[in-house]
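Data block below; observations after.
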Amino acid sequence: MAAGVERFGDPSAEVLAEAAAAFGLLASSARLHIVWALAQGESDVSGLAERVGGALPAVSQHLTKLKLAGLVRSRREGRRQVYFVDDPDVVTVVRLVVGQLAARGGGAPPVGHLRGTGT
């Protein structure tokens with residue numbers, strides 16, 4: 001075992017299934033972009049559609065899937081539904097993967113402070 005690496009027991013089948021489902025949802029570039037955008041600050045569906053370049057109905061469907069999976073939450077502000085990522089662990093995973101891939105490709109990830117990461 002490498003120095004500084006802790007040994008963990010194998011996770012349960014249920015935990016692995018939940019993780020696979022979460023990664024499956026984030027396997028869509030559109031949903032990943034939505035989570036990335038929401039990690040930088042909350043938004044309504046029209047703001048997200050504009051930012052990610054998606055059609056309003058498609059972005060709404062993606063948000064519904066992310067919400068059902070517990071990766072995104074929402075609250076009502078008057079007539080608007082405002083979406084946000086309320087799990088700092090989700091923000092950390094997305095930030096790490098996207099940031100590392102952007103760095104390898106020579107590009108930079110989108111600029112902005114990501115909520116829940118302390119950066």
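Going through the structure tokens in order, the chains are called A, B, and so on, while each chain numbers its residues from 1 and the ligands are numbered from 1 in the order shown.
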Which residues are close to Val45 of chain A, i.e. within 7 Å by only C-alpha atoms, leaving aside same-chain residues fewer than 5 positions away? Reply as a PyMOL selection string.
chain A and resi 56+59-60
If we count only C-alpha atoms and set the cut-off at 12 Å, which residues sit around Ala27 of chain A, ignoring sequence neighbours fewer than 5 positions away in its own chain? Please answer as number ranges by chain.
A: 20-22, 32-35, 62, 66, 94, 97-98
Emit the selected residues as a compact mmCIF listing (two decimals), in the first residue's frame, including all heavy atoms.
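Below you can see result.txt, which holds the result:
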# COMPACT_ATOMS: atom_id res chain seq x y z
N ALA A 20 -23.02 5.02 -8.84
CA ALA A 20 -23.12 4.81 -10.28
C ALA A 20 -24.25 5.65 -10.87
O ALA A 20 -24.11 6.23 -11.95
CB ALA A 20 -23.33 3.33 -10.59
N ALA A 21 -25.37 5.73 -10.15
CA ALA A 21 -26.49 6.54 -10.63
C ALA A 21 -26.11 8.02 -10.69
O ALA A 21 -26.43 8.72 -11.66
CB ALA A 21 -27.71 6.33 -9.74
N ALA A 22 -25.43 8.50 -9.66
CA ALA A 22 -25.00 9.91 -9.64
C ALA A 22 -24.02 10.19 -10.77
O ALA A 22 -24.15 11.18 -11.50
CB ALA A 22 -24.38 10.26 -8.30
N LEU A 32 -23.80 18.12 -16.65
CA LEU A 32 -22.55 18.51 -16.00
C LEU A 32 -22.36 20.03 -16.08
O LEU A 32 -21.97 20.67 -15.10
CB LEU A 32 -21.37 17.78 -16.65
CG LEU A 32 -20.03 17.93 -15.98
CD1 LEU A 32 -20.07 17.46 -14.53
CD2 LEU A 32 -18.97 17.16 -16.74
N HIS A 33 -22.67 20.60 -17.22
CA HIS A 33 -22.56 22.06 -17.39
C HIS A 33 -23.54 22.78 -16.45
O HIS A 33 -23.20 23.80 -15.84
CB HIS A 33 -22.83 22.44 -18.84
CG HIS A 33 -22.38 23.82 -19.19
ND1 HIS A 33 -22.42 24.30 -20.46
CD2 HIS A 33 -21.88 24.84 -18.44
CE1 HIS A 33 -21.98 25.55 -20.49
NE2 HIS A 33 -21.66 25.90 -19.27
N ILE A 34 -24.73 22.24 -16.32
CA ILE A 34 -25.73 22.83 -15.41
C ILE A 34 -25.23 22.78 -13.97
O ILE A 34 -25.30 23.78 -13.25
CB ILE A 34 -27.09 22.11 -15.56
CG1 ILE A 34 -27.73 22.46 -16.90
CG2 ILE A 34 -28.02 22.46 -14.41
CD1 ILE A 34 -28.91 21.59 -17.29
N VAL A 35 -24.70 21.64 -13.55
CA VAL A 35 -24.18 21.53 -12.18
C VAL A 35 -23.01 22.48 -11.99
O VAL A 35 -22.89 23.14 -10.97
CB VAL A 35 -23.80 20.07 -11.84
CG1 VAL A 35 -23.07 19.99 -10.51
CG2 VAL A 35 -25.04 19.19 -11.81
N HIS A 62 -33.48 18.35 -17.63
CA HIS A 62 -32.22 18.00 -16.96
C HIS A 62 -32.29 18.36 -15.48
O HIS A 62 -31.86 17.59 -14.62
CB HIS A 62 -31.04 18.72 -17.61
CG HIS A 62 -30.67 18.18 -18.95
ND1 HIS A 62 -30.39 16.85 -19.19
CD2 HIS A 62 -30.50 18.81 -20.14
CE1 HIS A 62 -30.07 16.68 -20.46
NE2 HIS A 62 -30.13 17.86 -21.06
N LEU A 66 -31.80 15.94 -12.18
CA LEU A 66 -30.79 16.25 -11.16
C LEU A 66 -31.44 16.44 -9.79
O LEU A 66 -30.90 16.03 -8.76
CB LEU A 66 -30.01 17.50 -11.56
CG LEU A 66 -29.07 17.34 -12.75
CD1 LEU A 66 -28.61 18.70 -13.25
CD2 LEU A 66 -27.89 16.46 -12.39
N VAL A 94 -17.23 17.68 -9.14
CA VAL A 94 -17.35 18.32 -10.44
C VAL A 94 -16.17 19.27 -10.68
O VAL A 94 -15.56 19.26 -11.75
CB VAL A 94 -18.69 19.07 -10.57
CG1 VAL A 94 -18.73 19.96 -11.80
CG2 VAL A 94 -19.84 18.07 -10.58
N VAL A 97 -12.86 17.14 -11.35
CA VAL A 97 -12.80 16.46 -12.65
C VAL A 97 -12.71 17.47 -13.79
O VAL A 97 -11.82 17.37 -14.65
CB VAL A 97 -14.01 15.52 -12.83
CG1 VAL A 97 -14.05 14.97 -14.25
CG2 VAL A 97 -13.95 14.39 -11.83
N VAL A 98 -13.59 18.44 -13.80
CA VAL A 98 -13.58 19.43 -14.89
C VAL A 98 -12.30 20.25 -14.86
O VAL A 98 -11.68 20.49 -15.90
CB VAL A 98 -14.84 20.33 -14.82
CG1 VAL A 98 -14.76 21.45 -15.85
CG2 VAL A 98 -16.09 19.50 -15.05
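The space separating atom CA of Glu42 of chain A from atom CA of Phe84 of chain A comes to 4.6 Å.
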Enumerate, as a PyMOL selection string, the complete set of residues in chain A that a backbone-based DSSP assignment places in helix (DSSP H, G or I).
chain A and resi 13-26+29-40+45-52+56-68+88-104
Quick one: of A:Leu96, A:Val15, A:Ala58, A:Leu26, who's nearest to Ser46 of chain A, counting only C-alpha atoms?
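When distances to Ser46 of chain A are compared using only C-alpha atoms, the smallest one comes from A:Ala58.
Distance-wise, atom CA of Ala39 of chain A and atom CA of Leu68 of chain A end up 17.4 Å apart.
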Taking 5 positions as the minimum chain separation for residues in the same chain, which residues sit within 8 Å of Gln81 of chain A when counting only C-alpha atoms? Answer as a PyMOL selection string.
chain A and resi 44-45+74-76
Taking the DSSP secondary structure from the backbone, can you list the residues of chain A that are strand (DSSP E), as a VMD selection string?
chain A and resid 43 to 44 73 to 77 80 to 84
Nearest to Ala19 of chain A among A:Gly105, A:Leu71, A:Arg79, A:Asp86, with distances taken over only C-alpha atoms: which residue is it?
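That would be A:Leu71, the residue with the smallest distance to Ala19 of chain A.
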